[in-house]
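Okay, query.txt is below, compact mmCIF, C-alpha atoms (C1' of nucleotides):
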# COMPACT_ATOMS: atom_id res chain seq x y z
CA MET A 1161 -9.39 -11.34 -42.03
CA THR A 1162 -7.92 -10.17 -38.78
CA VAL A 1163 -10.03 -7.07 -38.72
CA ARG A 1164 -12.35 -5.34 -36.32
CA THR A 1165 -10.22 -6.81 -33.55
CA GLY A 1166 -10.01 -4.37 -30.68
CA PRO A 1167 -6.90 -3.93 -28.56
CA GLY A 1168 -5.65 -7.19 -27.06
CA PRO A 1169 -5.38 -7.96 -23.38
CA ARG A 1170 -1.88 -6.56 -23.16
CA GLU A 1171 -2.95 -3.21 -24.55
CA ARG A 1172 -6.07 -3.10 -22.42
CA LEU A 1173 -4.08 -3.88 -19.31
CA LEU A 1174 -1.54 -1.17 -20.06
CA THR A 1175 -4.10 1.56 -20.65
CA ALA A 1176 -6.28 0.55 -17.70
CA ALA A 1177 -3.30 0.21 -15.37
CA ASP A 1178 -1.93 3.53 -16.57
CA GLN A 1179 -5.03 5.32 -15.35
CA LEU A 1180 -5.71 3.20 -12.29
CA ILE A 1181 -2.15 3.21 -10.98
CA TYR A 1182 -1.98 6.96 -11.31
CA SER A 1183 -5.33 7.60 -9.68
CA GLN A 1184 -5.12 4.95 -6.97
CA GLY A 1185 -1.39 4.62 -6.45
CA VAL A 1186 0.94 1.70 -7.06
CA ASN A 1187 -0.79 -0.27 -4.34
CA VAL A 1188 -3.97 -0.89 -6.31
CA GLY A 1189 -5.01 -4.48 -6.13
CA VAL A 1190 -4.46 -6.86 -8.99
CA ASP A 1191 -8.16 -7.63 -8.99
CA ALA A 1192 -9.02 -3.99 -9.58
CA LEU A 1193 -6.59 -3.83 -12.49
CA LEU A 1194 -7.98 -6.96 -14.09
CA LYS A 1195 -11.55 -5.79 -13.67
CA ALA A 1196 -10.80 -2.35 -15.12
CA ALA A 1197 -9.05 -3.89 -18.12
CA ASN A 1198 -11.58 -6.70 -18.55
CA VAL A 1199 -8.76 -9.16 -18.75
CA ALA A 1200 -8.30 -12.63 -17.39
CA ARG A 1201 -6.03 -13.06 -14.43
CA ARG A 1202 -3.79 -15.37 -16.35
CA SER A 1203 -3.14 -12.85 -19.11
CA LEU A 1204 -1.46 -10.49 -16.69
CA TYR A 1205 1.10 -13.09 -15.70
CA GLU A 1206 1.55 -14.27 -19.27
CA HIS A 1207 2.35 -10.80 -20.59
CA PHE A 1208 4.05 -9.09 -17.68
CA GLY A 1209 5.15 -11.83 -15.33
CA GLY A 1210 3.37 -10.21 -12.43
CA LYS A 1211 2.17 -6.93 -10.99
CA ASP A 1212 5.68 -5.49 -10.78
CA GLY A 1213 6.29 -6.18 -14.43
CA LEU A 1214 3.08 -4.42 -15.31
CA ILE A 1215 4.03 -1.41 -13.20
CA VAL A 1216 7.40 -1.18 -14.92
CA GLU A 1217 5.87 -1.39 -18.37
CA VAL A 1218 3.23 1.20 -17.53
CA LEU A 1219 5.89 3.61 -16.31
CA ARG A 1220 8.07 2.96 -19.30
CA SER A 1221 5.36 3.74 -21.85
CA ALA A 1222 4.18 6.72 -19.82
CA ALA A 1223 7.74 8.03 -19.73
CA ASP A 1224 8.03 7.69 -23.49
CA ALA A 1225 4.73 9.49 -23.96
CA ASP A 1226 5.64 12.29 -21.58
CA ALA A 1227 9.07 12.81 -23.12
CA ALA A 1228 7.43 12.94 -26.52
CA ASP A 1229 4.93 15.44 -25.16
CA TYR A 1230 7.75 17.70 -24.01
CA ARG A 1231 9.43 17.44 -27.39
CA ARG A 1232 6.19 18.19 -29.20
CA THR A 1233 5.57 21.17 -26.92
CA MET A 1234 9.01 22.59 -27.64
CA ASP A 1235 8.77 21.99 -31.36
CA ALA A 1236 5.44 23.77 -31.47
CA ALA A 1237 7.10 26.78 -29.85
CA GLY A 1238 9.43 27.34 -32.77
CA HIS A 1239 13.19 27.44 -32.94
CA ASP A 1240 14.12 30.00 -30.32
CA PRO A 1241 15.50 28.01 -27.38
CA ARG A 1242 14.10 30.60 -24.98
CA GLU A 1243 10.59 30.16 -26.29
CA ARG A 1244 11.00 26.42 -26.44
CA LEU A 1245 12.00 26.25 -22.78
CA LEU A 1246 9.32 28.61 -21.55
CA ALA A 1247 6.73 26.66 -23.52
CA VAL A 1248 7.51 23.71 -21.27
CA PHE A 1249 6.29 25.64 -18.25
CA ASP A 1250 3.18 26.74 -20.05
CA ARG A 1251 2.53 23.12 -20.87
CA ILE A 1252 3.06 22.12 -17.25
CA GLY A 1253 0.55 24.78 -16.33
CA GLU A 1254 -1.98 22.99 -18.51
CA ILE A 1255 -1.09 19.61 -17.03
CA VAL A 1256 -1.41 20.80 -13.46
CA ALA A 1257 -4.77 22.36 -14.26
CA MET A 1258 -6.16 19.18 -15.79
CA PRO A 1259 -8.94 17.56 -13.81
CA GLY A 1260 -7.70 14.56 -11.92
CA PHE A 1261 -4.16 15.82 -11.69
CA HIS A 1262 -2.63 14.96 -8.38
CA GLY A 1263 1.10 15.06 -8.74
CA CYS A 1264 4.01 13.64 -10.71
CA ARG A 1265 3.38 9.97 -11.36
CA TYR A 1266 7.08 9.15 -11.34
CA LEU A 1267 7.66 10.73 -7.96
CA ALA A 1268 4.55 8.96 -6.70
CA ALA A 1269 5.91 5.66 -7.96
CA ASP A 1270 9.29 6.27 -6.36
CA LEU A 1271 7.71 7.18 -3.04
CA GLY A 1272 5.19 4.36 -3.18
CA LEU A 1273 7.65 1.61 -4.02
CA THR A 1274 9.68 1.25 -0.86
CA ASP A 1275 12.08 -1.37 -2.12
CA PRO A 1276 15.06 0.58 -3.53
CA GLY A 1277 15.80 -2.38 -5.78
CA HIS A 1278 12.48 -2.26 -7.57
CA PRO A 1279 13.08 -2.02 -11.31
CA ALA A 1280 10.58 0.82 -11.58
CA HIS A 1281 13.16 3.16 -10.06
CA GLU A 1282 15.43 2.70 -13.05
CA ILE A 1283 12.62 3.79 -15.35
CA THR A 1284 11.92 6.97 -13.41
CA ARG A 1285 15.62 7.75 -13.15
CA ASP A 1286 16.07 7.35 -16.88
CA TYR A 1287 13.05 9.53 -17.50
CA ARG A 1288 14.48 12.35 -15.40
CA ARG A 1289 17.83 12.03 -17.11
CA GLN A 1290 16.02 12.26 -20.43
CA VAL A 1291 14.18 15.44 -19.45
CA HIS A 1292 17.36 16.90 -18.03
CA GLU A 1293 19.15 16.31 -21.29
CA LEU A 1294 16.24 17.80 -23.20
CA LEU A 1295 16.53 20.98 -21.17
CA ALA A 1296 20.31 21.08 -21.22
CA ARG A 1297 20.33 20.81 -25.00
CA GLU A 1298 18.21 23.93 -25.37
CA LEU A 1299 20.32 25.77 -22.81
CA THR A 1300 23.43 24.85 -24.75
CA ALA A 1301 21.85 26.10 -27.96
CA LEU A 1302 21.08 29.27 -26.05
CA GLY A 1303 24.73 29.70 -25.25
CA HIS A 1304 24.17 29.34 -21.54
CA PRO A 1305 27.50 29.26 -19.68
CA HIS A 1306 26.40 26.40 -17.41
CA PRO A 1307 23.71 24.45 -19.23
CA ASP A 1308 23.90 21.48 -16.89
CA HIS A 1309 23.53 23.56 -13.78
CA ALA A 1310 20.70 25.56 -15.31
CA ALA A 1311 18.97 22.34 -16.32
CA ASP A 1312 19.21 21.22 -12.71
CA GLN A 1313 17.47 24.40 -11.69
CA LEU A 1314 14.74 24.02 -14.29
CA LEU A 1315 14.19 20.47 -13.10
CA ILE A 1316 13.78 21.73 -9.56
CA LEU A 1317 11.22 24.22 -10.83
CA ILE A 1318 9.37 21.52 -12.73
CA ASP A 1319 9.25 19.08 -9.83
CA GLY A 1320 8.32 21.88 -7.47
CA THR A 1321 5.52 22.99 -9.74
CA LEU A 1322 4.12 19.48 -9.98
CA ALA A 1323 4.31 19.04 -6.22
CA VAL A 1324 2.71 22.37 -5.41
CA GLY A 1325 0.11 21.85 -8.11
CA ALA A 1326 -0.89 18.66 -6.36
CA THR A 1327 -0.82 19.91 -2.80
CA ARG A 1328 -1.92 23.53 -2.99
CA PRO A 1329 -4.86 23.61 -5.37
CA GLY A 1330 -6.09 27.01 -6.36
CA THR A 1331 -2.62 28.46 -6.73
CA ASN A 1332 -0.93 28.78 -10.11
CA PRO A 1333 2.54 27.37 -9.53
CA ALA A 1334 3.38 27.02 -13.21
CA ALA A 1335 3.14 30.75 -13.80
CA ALA A 1336 5.25 31.47 -10.72
CA ALA A 1337 7.82 28.89 -11.81
CA ARG A 1338 7.89 30.31 -15.32
CA GLU A 1339 9.07 33.64 -13.98
CA LEU A 1340 11.96 31.94 -12.24
CA ALA A 1341 12.65 29.92 -15.36
CA GLU A 1342 13.00 33.16 -17.28
CA HIS A 1343 15.66 34.24 -14.83
CA VAL A 1344 17.48 30.94 -15.21
CA ILE A 1345 17.42 31.29 -18.97
CA THR A 1346 18.36 34.95 -19.03
CA LEU A 1347 22.05 34.97 -18.48
CA MET B 1204 7.54 7.90 43.26
CA THR B 1205 6.61 7.76 39.61
CA VAL B 1206 10.19 7.93 38.47
CA ARG B 1207 12.45 6.03 36.14
CA THR B 1208 9.42 5.34 34.05
CA GLY B 1209 10.37 5.31 30.38
CA PRO B 1210 8.10 6.67 27.68
CA GLY B 1211 4.63 5.10 27.69
CA PRO B 1212 3.10 3.13 24.87
CA ARG B 1213 1.66 6.22 23.24
CA GLU B 1214 5.06 7.89 23.07
CA ARG B 1215 6.76 4.75 21.87
CA LEU B 1216 4.20 4.25 19.16
CA LEU B 1217 4.56 7.82 17.95
CA THR B 1218 8.33 7.75 17.72
CA ALA B 1219 8.45 4.30 16.17
CA ALA B 1220 5.70 5.09 13.69
CA ASP B 1221 7.37 8.39 12.83
CA GLN B 1222 10.46 6.56 11.65
CA LEU B 1223 8.76 3.50 10.18
CA ILE B 1224 6.08 5.39 8.28
CA TYR B 1225 8.67 7.66 6.73
CA SER B 1226 11.03 4.85 5.78
CA GLN B 1227 8.43 2.31 4.70
CA GLY B 1228 5.56 4.50 3.59
CA VAL B 1229 2.07 4.89 4.98
CA ASN B 1230 1.28 1.33 3.99
CA VAL B 1231 3.42 -0.29 6.67
CA GLY B 1232 1.57 -3.01 8.43
CA VAL B 1233 0.16 -2.52 11.89
CA ASP B 1234 2.14 -5.53 13.07
CA ALA B 1235 5.39 -3.90 12.03
CA LEU B 1236 4.48 -0.72 13.90
CA LEU B 1237 3.56 -2.61 17.05
CA LYS B 1238 6.70 -4.68 16.92
CA ALA B 1239 8.92 -1.64 16.37
CA ALA B 1240 7.31 0.20 19.26
CA ASN B 1241 7.14 -2.85 21.51
CA VAL B 1242 3.56 -2.09 22.24
CA ALA B 1243 0.52 -4.27 22.64
CA ARG B 1244 -1.97 -4.32 19.84
CA ARG B 1245 -4.68 -3.06 22.08
CA SER B 1246 -2.75 0.07 23.05
CA LEU B 1247 -2.77 1.35 19.49
CA TYR B 1248 -6.55 1.29 19.33
CA GLU B 1249 -6.89 2.67 22.85
CA HIS B 1250 -4.71 5.70 22.12
CA PHE B 1251 -5.31 6.42 18.47
CA GLY B 1252 -8.49 4.61 17.54
CA GLY B 1253 -6.78 2.85 14.67
CA LYS B 1254 -3.99 3.06 12.17
CA ASP B 1255 -5.37 6.17 10.51
CA GLY B 1256 -5.49 7.98 13.83
CA LEU B 1257 -1.87 7.08 14.44
CA ILE B 1258 -0.87 8.34 11.01
CA VAL B 1259 -2.61 11.64 11.61
CA GLU B 1260 -0.98 12.10 14.99
CA VAL B 1261 2.44 11.22 13.62
CA LEU B 1262 2.08 13.77 10.85
CA ARG B 1263 0.80 16.39 13.24
CA SER B 1264 3.71 16.10 15.62
CA ALA B 1265 6.18 15.89 12.73
CA ALA B 1266 4.68 19.05 11.26
CA ASP B 1267 5.05 20.85 14.56
CA ALA B 1268 8.64 19.70 14.84
CA ASP B 1269 9.50 20.71 11.28
CA ALA B 1270 7.88 24.10 11.59
CA ALA B 1271 9.81 24.64 14.81
CA ASP B 1272 12.98 23.56 12.99
CA TYR B 1273 12.41 26.19 10.32
CA ARG B 1274 11.82 28.85 12.96
CA ARG B 1275 14.93 27.81 14.86
CA THR B 1276 16.95 27.87 11.65
CA MET B 1277 15.80 31.37 10.83
CA ASP B 1278 16.33 32.66 14.33
CA ALA B 1279 19.87 31.31 14.34
CA ALA B 1280 20.52 33.31 11.16
CA GLY B 1281 19.99 36.63 12.88
CA HIS B 1282 17.54 39.41 12.18
CA ASP B 1283 18.14 40.20 8.52
CA PRO B 1284 15.17 38.70 6.63
CA ARG B 1285 17.42 37.96 3.66
CA GLU B 1286 19.77 35.87 5.77
CA ARG B 1287 16.87 34.24 7.56
CA LEU B 1288 15.28 33.12 4.30
CA LEU B 1289 18.48 31.89 2.72
CA ALA B 1290 19.28 29.97 5.89
CA VAL B 1291 16.20 27.89 5.20
CA PHE B 1292 17.71 26.61 1.97
CA ASP B 1293 20.99 25.87 3.68
CA ARG B 1294 19.05 23.88 6.24
CA ILE B 1295 17.20 22.01 3.50
CA GLY B 1296 20.57 21.21 2.01
CA GLU B 1297 21.49 19.52 5.27
CA ILE B 1298 18.20 17.66 5.43
CA VAL B 1299 18.49 16.38 1.87
CA ALA B 1300 22.02 15.21 2.56
CA MET B 1301 21.07 13.29 5.68
CA PRO B 1302 21.39 9.52 5.36
CA GLY B 1303 18.01 7.91 4.90
CA PHE B 1304 16.44 10.97 3.32
CA HIS B 1305 14.09 10.03 0.58
CA GLY B 1306 11.72 12.89 0.03
CA CYS B 1307 9.19 15.11 1.74
CA ARG B 1308 7.18 13.03 4.17
CA TYR B 1309 4.09 15.18 3.72
CA LEU B 1310 4.07 14.83 -0.02
CA ALA B 1311 4.65 11.10 0.41
CA ALA B 1312 1.68 10.91 2.76
CA ASP B 1313 -0.53 12.85 0.36
CA LEU B 1314 0.45 10.64 -2.55
CA GLY B 1315 0.22 7.44 -0.52
CA LEU B 1316 -3.20 8.12 0.96
CA THR B 1317 -5.51 7.87 -2.03
CA ASP B 1318 -8.71 8.75 -0.23
CA PRO B 1319 -9.04 12.54 -0.61
CA GLY B 1320 -11.14 12.58 2.55
CA HIS B 1321 -8.40 11.14 4.73
CA PRO B 1322 -7.85 13.47 7.70
CA ALA B 1323 -4.10 13.36 7.12
CA HIS B 1324 -4.53 15.68 4.15
CA GLU B 1325 -5.72 18.45 6.41
CA ILE B 1326 -2.55 18.14 8.47
CA THR B 1327 -0.28 18.41 5.46
CA ARG B 1328 -2.28 21.31 4.06
CA ASP B 1329 -2.05 23.20 7.33
CA TYR B 1330 1.66 22.53 7.48
CA ARG B 1331 2.22 24.02 4.05
CA ARG B 1332 0.11 27.02 4.91
CA GLN B 1333 2.22 27.43 8.03
CA VAL B 1334 5.48 27.36 6.09
CA HIS B 1335 4.06 29.70 3.48
CA GLU B 1336 3.14 32.19 6.17
CA LEU B 1337 6.58 31.84 7.73
CA LEU B 1338 8.18 32.76 4.42
CA ALA B 1339 5.71 35.52 3.61
CA ARG B 1340 6.32 37.17 6.96
CA GLU B 1341 10.02 37.50 6.25
CA LEU B 1342 9.34 38.76 2.75
CA THR B 1343 7.02 41.38 4.15
CA ALA B 1344 9.67 42.44 6.64
CA LEU B 1345 12.01 42.67 3.68
CA GLY B 1346 9.64 45.11 2.00
CA HIS B 1347 8.95 42.76 -0.88
CA PRO B 1348 6.24 44.18 -3.15
CA HIS B 1349 4.48 40.82 -3.50
CA PRO B 1350 5.33 38.76 -0.43
CA ASP B 1351 2.61 36.20 -1.06
CA HIS B 1352 3.65 35.56 -4.61
CA ALA B 1353 7.30 35.37 -3.65
CA ALA B 1354 6.42 32.93 -0.87
CA ASP B 1355 4.67 30.78 -3.48
CA GLN B 1356 7.87 30.76 -5.48
CA LEU B 1357 10.02 29.86 -2.49
CA LEU B 1358 7.64 27.03 -1.69
CA ILE B 1359 8.02 25.74 -5.23
CA LEU B 1360 11.78 25.85 -4.77
CA ILE B 1361 11.54 24.01 -1.46
CA ASP B 1362 9.28 21.25 -2.76
CA GLY B 1363 11.36 20.96 -5.89
CA THR B 1364 14.53 20.66 -3.87
CA LEU B 1365 13.06 17.93 -1.70
CA ALA B 1366 11.78 16.04 -4.73
CA VAL B 1367 15.05 16.29 -6.65
CA GLY B 1368 17.02 15.47 -3.53
CA ALA B 1369 15.08 12.26 -3.29
CA THR B 1370 15.15 11.26 -6.94
CA ARG B 1371 18.49 12.52 -8.24
CA PRO B 1372 21.05 11.59 -5.60
CA GLY B 1373 24.49 13.00 -6.08
CA THR B 1374 23.24 16.38 -7.21
CA ASN B 1375 23.06 19.34 -4.85
CA PRO B 1376 19.60 20.77 -5.47
CA ALA B 1377 19.58 22.92 -2.33
CA ALA B 1378 22.50 25.01 -3.55
CA ALA B 1379 20.91 25.42 -6.96
CA ALA B 1380 17.60 26.37 -5.40
CA ARG B 1381 19.28 28.84 -3.09
CA GLU B 1382 20.57 30.80 -6.07
CA LEU B 1383 17.04 31.11 -7.38
CA ALA B 1384 15.82 32.01 -3.90
CA GLU B 1385 18.29 34.87 -3.87
CA HIS B 1386 16.72 36.15 -7.07
CA VAL B 1387 13.25 35.88 -5.56
CA ILE B 1388 14.35 37.81 -2.51
CA THR B 1389 16.32 40.45 -4.39
CA LEU B 1390 13.69 42.80 -5.69
C1' DA C 965 -6.27 -6.80 51.32
C1' DA C 966 -9.19 -5.62 47.69
C1' DG C 967 -10.28 -3.32 43.58
C1' DC C 968 -9.13 -1.11 39.46
C1' DG C 969 -7.07 1.09 35.33
C1' DG C 970 -3.63 0.61 32.00
C1' DG C 971 -0.70 -2.35 29.96
C1' DT C 972 0.88 -6.93 27.55
C1' DA C 973 0.29 -11.17 24.92
C1' DG C 974 -1.88 -13.42 21.60
C1' DA C 975 -5.90 -15.84 19.48
C1' DT C 976 -9.13 -14.82 16.14
C1' DC C 977 -12.00 -12.40 12.66
C1' DG C 978 -13.30 -11.44 7.71
C1' DA C 979 -11.25 -9.23 3.87
C1' DT C 980 -7.84 -8.68 0.69
C1' DC C 981 -3.26 -9.31 -1.05
C1' DG C 982 -0.29 -11.36 -5.20
C1' DG C 983 0.17 -15.56 -7.49
C1' DT C 984 -0.83 -20.38 -9.32
C1' DC C 985 -3.85 -23.56 -10.94
C1' DT C 986 -7.52 -26.19 -13.89
C1' DA C 987 -11.03 -26.11 -17.19
C1' DT C 988 -13.23 -24.10 -21.06
C1' DC C 989 -13.79 -21.45 -25.13
C1' DT C 990 -12.36 -19.47 -29.58
C1' DA C 991 -9.90 -18.22 -33.42
C1' DT C 992 -6.27 -19.37 -36.35
C1' DG C 993 -3.24 -22.28 -39.48
C1' DT C 994 -2.52 -26.57 -41.87
C1' DA D 110 -11.43 -31.55 -39.94
C1' DC D 111 -8.20 -31.17 -36.57
C1' DA D 112 -4.57 -29.36 -33.67
C1' DT D 113 -2.76 -25.55 -31.42
C1' DA D 114 -2.08 -20.99 -29.31
C1' DG D 115 -4.14 -17.47 -26.77
C1' DA D 116 -7.60 -15.87 -24.03
C1' DT D 117 -11.36 -16.24 -20.36
C1' DA D 118 -13.49 -17.52 -15.97
C1' DG D 119 -12.86 -18.64 -11.64
C1' DA D 120 -11.43 -21.79 -7.87
C1' DC D 121 -7.77 -21.91 -4.82
C1' DC D 122 -3.29 -21.04 -2.21
C1' DG D 123 -0.69 -19.07 1.78
C1' DA D 124 0.24 -14.66 3.52
C1' DT D 125 -1.01 -10.40 5.27
C1' DC D 126 -4.12 -6.69 6.07
C1' DG D 127 -6.64 -3.77 9.96
C1' DA D 128 -9.46 -4.64 13.76
C1' DT D 129 -11.76 -6.95 17.79
C1' DC D 130 -11.63 -9.84 21.51
C1' DT D 131 -10.32 -12.54 25.83
C1' DA D 132 -7.11 -13.50 29.46
C1' DC D 133 -3.59 -12.16 32.32
C1' DC D 134 -0.38 -9.07 34.91
C1' DC D 135 1.36 -5.20 37.35
C1' DG D 136 1.18 -0.97 40.14
C1' DC D 137 -1.61 2.23 42.18
C1' DT D 138 -5.19 3.95 45.37
C1' DT D 139 -8.32 3.24 49.12
Encoded form using C-alpha cells:
Amino acid sequence: MTVRTGPGPRERLLTAADQLIYSQGVNVGVDALLKAANVARRSLYEHFGGKDGLIVEVLRSAADADAADYRRTMDAAGHDPRERLLAVFDRIGEIVAMPGFHGCRYLAADLGLTDPGHPAHEITRDYRRQVHELLARELTALGHPHPDHAADQLLILIDGTLAVGATRPGTNPAAAARELAEHVITL
Amino acid sequence: MTVRTGPGPRERLLTAADQLIYSQGVNVGVDALLKAANVARRSLYEHFGGKDGLIVEVLRSAADADAADYRRTMDAAGHDPRERLLAVFDRIGEIVAMPGFHGCRYLAADLGLTDPGHPAHEITRDYRRQVHELLARELTALGHPHPDHAADQLLILIDGTLAVGATRPGTNPAAAARELAEHVITL
DNA sequence: AAGCGGGTAGATCGATCGGTCTATCTATGT
DNA sequence: ACATAGATAGACCGATCGATCTACCCGCTT
C-alpha cells in the first residue's frame, strides 16, 4: 500500500530544525531538535551524520526555497527588469514585516558558526552568489552599464534592510531601501 | 605609592572579553574568558555578577568607543556636513578591511542572544539610536528636507556594508555604499 | 603587629552539550 | 513464516557549560 504515511524522520527533522534553528539560533540543543521533530536520536545521525550535517542541509534547502521565492517574485512582476527588481524589495518588505522575523538566517548562521571551516559557510556563500547573479541578470537586461557593481549595491541594500528590519522594529526599511534601489536601477 | 599597578581584573576582563566575544561569539565559555584575562573566576562574579553582566558591560563600552570613533571621524572631516557624512563611509571602509573583521558586533550580539529580554539588546538598540541621531543631525545641518528618513537610509547602507563586508570578502562594499550615500545626501 | 579587603587558585556543583550505544518494535519483501 | 531494514526509546559517555564555594595570599590601613 504505502499510503497514508506521513513525512519520514528526515523530513520531520528538516522542517523542525528549519524553524527551530532560525528562532533559537544555530546553538539549539540536539535534544530540542529531536523533541520538536518527534524523531529518535539515532535517526539524526543516520540521516545527517550529526548536528553539523543537519545544519548544512537545513541551510541548503532554505537557500533553494529562498532563491525560488525571489524568482517567483520577479516572475510575478512581469517582464520589465525594473519592475522585477523593485518587486524584490516589496517582497523583502513583506518578509521583514512577518511575525517572528528577526534577521537574515544566513547571516545569523555565519555569525553563529565561529569555525571558518564549517561547511555551512559554503552554503551561505553560494546562496549570496546566486542572488547576486539573479540581480545582475536583470540589470544586464536593463542595459545597465555596470550590472555587477549595481548588483553589489542592491545586495548591500538587501542585507541592510534585513539587518535594520531585525534591529529597529517599527521602521520600514524596505520602503527606504526601495527608493535607493530605484536610483541604482535608474541609470 | 600606588604606582606601577597594571590594569585591575575588571579592566583585564573587559578588554579580553571585548576581543574574545567578538572573535568567538557571545557563546564563548567563561573559562576561556578567565584564561584570556588572567583573572580569577571569583573576580568575574564580583565585578559583573555573571557572564551576562560582563557581556552587557563589554557592549556598552564598545558602543561608547564606536560612537566616539564616528564623532572623531566626522570632526576630522571638517565642518561641511556632506564631507562629514561621507567620511563615515570611508571610515567603515577601513573597518571592514581590517584583519579579523567579521561583521557588526552589535548585530552579532542581537542574533546570538536568543532571549529577547536579555539586557544586551537595550545596549545595541541605544547604540543604533545614537548613530541614527548622529547622522540625522548632520542631515539637518545640511538642510535635508527629511533628515530622519535619510538617516534611516544611511543606517541601512551602513548595516548592509558591514554585513556584506563580513560575508563577501574581496568586494569593496563601503565604496559602493558611499556612492548611494552621496545620492541620499544630495537633495 | 593585627586585621581586612581584594585578589588568585582551584575544587565542586548540577545541568546540558553532542555523540554512541543497546534493546525493542514495526513494516516490508521474499 | 521469516528475515531484514528502518525507526523508536532511552541509557550512557566524556566534555563543557555557568555558577558557587573554600582556602590562601598579598598589600594596605590602623
Q: With a distance threshold of 10 Å and counting only C-alpha atoms (C1' of nucleotides), extract the residues of chain D near chain A and express them as a PyMOL selection string.
A: chain D and resi 115-119
Q: Tell me the residues of chain A close to chain B, meaning within 9 Å using all atoms listed in the file, as a PyMOL selection string.
A: chain A and resi 1183-1187+1262-1263+1267-1268+1270-1275+1281+1284-1285+1288-1289+1309-1310+1312-1313+1315-1324+1326-1328+1331-1333+1336-1337+1340+1343-1344
**Q.** Pick from B:Ala1220, B:Leu1237, B:Asp1293, B:Pro1322, whichever lies nearest to DT972 in chain C using only C-alpha atoms (C1' of nucleotides)
**A.** B:Leu1237
Q: Pull out every residue of chain C that has at least one atom within 10 Å of chain B, counting all atoms listed in the file, and report them as a ChimeraX atom specification.
A: /C:970-974
Create the file for the chosen residues now, containing C-alpha atoms (C1' of nucleotides) and written as an mmCIF file, in the coordinates of the input.
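Below is the file that was written, again_27.cif:
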data_model
loop_
_atom_site.group_PDB
_atom_site.id
_atom_site.type_symbol
_atom_site.label_atom_id
_atom_site.label_comp_id
_atom_site.auth_asym_id
_atom_site.auth_seq_id
_atom_site.Cartn_x
_atom_site.Cartn_y
_atom_site.Cartn_z
ATOM 1 C "C1'" DG C 970 -3.630 0.610 32.000
ATOM 2 C "C1'" DG C 971 -0.700 -2.350 29.960
ATOM 3 C "C1'" DT C 972 0.880 -6.930 27.550
ATOM 4 C "C1'" DA C 973 0.290 -11.170 24.920
ATOM 5 C "C1'" DG C 974 -1.880 -13.420 21.600
#
Using only C-alpha atoms (C1' of nucleotides), which protein or nucleic acid residues come within 12 Å of DA979 in chain C? Drop anything in the same chain fewer than 6 positions from it, and give the result as a PDB file with C-alpha atoms (C1' of nucleotides), keeping the file's coordinate frame.
ATOM      1  C1'  DT D 125      -1.010 -10.400   5.270  1.00  0.00           C
ATOM      2  C1'  DC D 126      -4.120  -6.690   6.070  1.00  0.00           C
ATOM      3  C1'  DG D 127      -6.640  -3.770   9.960  1.00  0.00           C
ATOM      4  C1'  DA D 128      -9.460  -4.640  13.760  1.00  0.00           C
TER       5       DA D 128
END
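For the pair CA of Gly1303 in chain A and CA of Phe1292 in chain B, the interatomic distance is 28.3 Å.
For the pair C1' of DC122 in chain D and CA of Leu1204 in chain A, the interatomic distance is 18.0 Å.
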Restricted to N, CA and C atoms, what does range 1340-1353 of chain B look like when written out as a compact mmCIF listing (two decimals), in the first residue's frame?
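See out-v4.txt below for the written result:
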# COMPACT_ATOMS: atom_id res chain seq x y z
N ARG B 1340 21.53 64.59 12.63
CA ARG B 1340 21.98 65.94 12.97
C ARG B 1340 22.72 66.58 11.80
N GLU B 1341 23.58 65.80 11.19
CA GLU B 1341 24.31 66.33 10.03
C GLU B 1341 23.38 66.62 8.87
N LEU B 1342 22.42 65.74 8.68
CA LEU B 1342 21.47 65.93 7.58
C LEU B 1342 20.63 67.18 7.81
N THR B 1343 20.29 67.41 9.05
CA THR B 1343 19.55 68.63 9.38
C THR B 1343 20.39 69.86 9.08
N ALA B 1344 21.66 69.80 9.50
CA ALA B 1344 22.57 70.92 9.23
C ALA B 1344 22.72 71.13 7.74
N LEU B 1345 22.54 70.07 7.00
CA LEU B 1345 22.67 70.14 5.54
C LEU B 1345 21.41 70.73 4.91
N GLY B 1346 20.36 70.88 5.70
CA GLY B 1346 19.11 71.37 5.17
C GLY B 1346 18.31 70.31 4.46
N HIS B 1347 18.56 69.06 4.77
CA HIS B 1347 17.83 67.97 4.13
C HIS B 1347 16.35 68.04 4.52
N PRO B 1348 15.46 67.89 3.54
CA PRO B 1348 14.03 68.02 3.82
C PRO B 1348 13.50 66.92 4.78
N HIS B 1349 14.11 65.75 4.72
CA HIS B 1349 13.64 64.65 5.57
C HIS B 1349 14.83 63.98 6.26
N PRO B 1350 15.42 64.68 7.19
CA PRO B 1350 16.66 64.17 7.80
C PRO B 1350 16.48 62.81 8.47
N ASP B 1351 15.34 62.59 9.06
CA ASP B 1351 15.12 61.31 9.74
C ASP B 1351 15.05 60.15 8.74
N HIS B 1352 14.32 60.39 7.69
CA HIS B 1352 14.20 59.36 6.66
C HIS B 1352 15.55 59.08 6.01
N ALA B 1353 16.27 60.14 5.73
CA ALA B 1353 17.59 59.98 5.11
C ALA B 1353 18.55 59.25 6.05
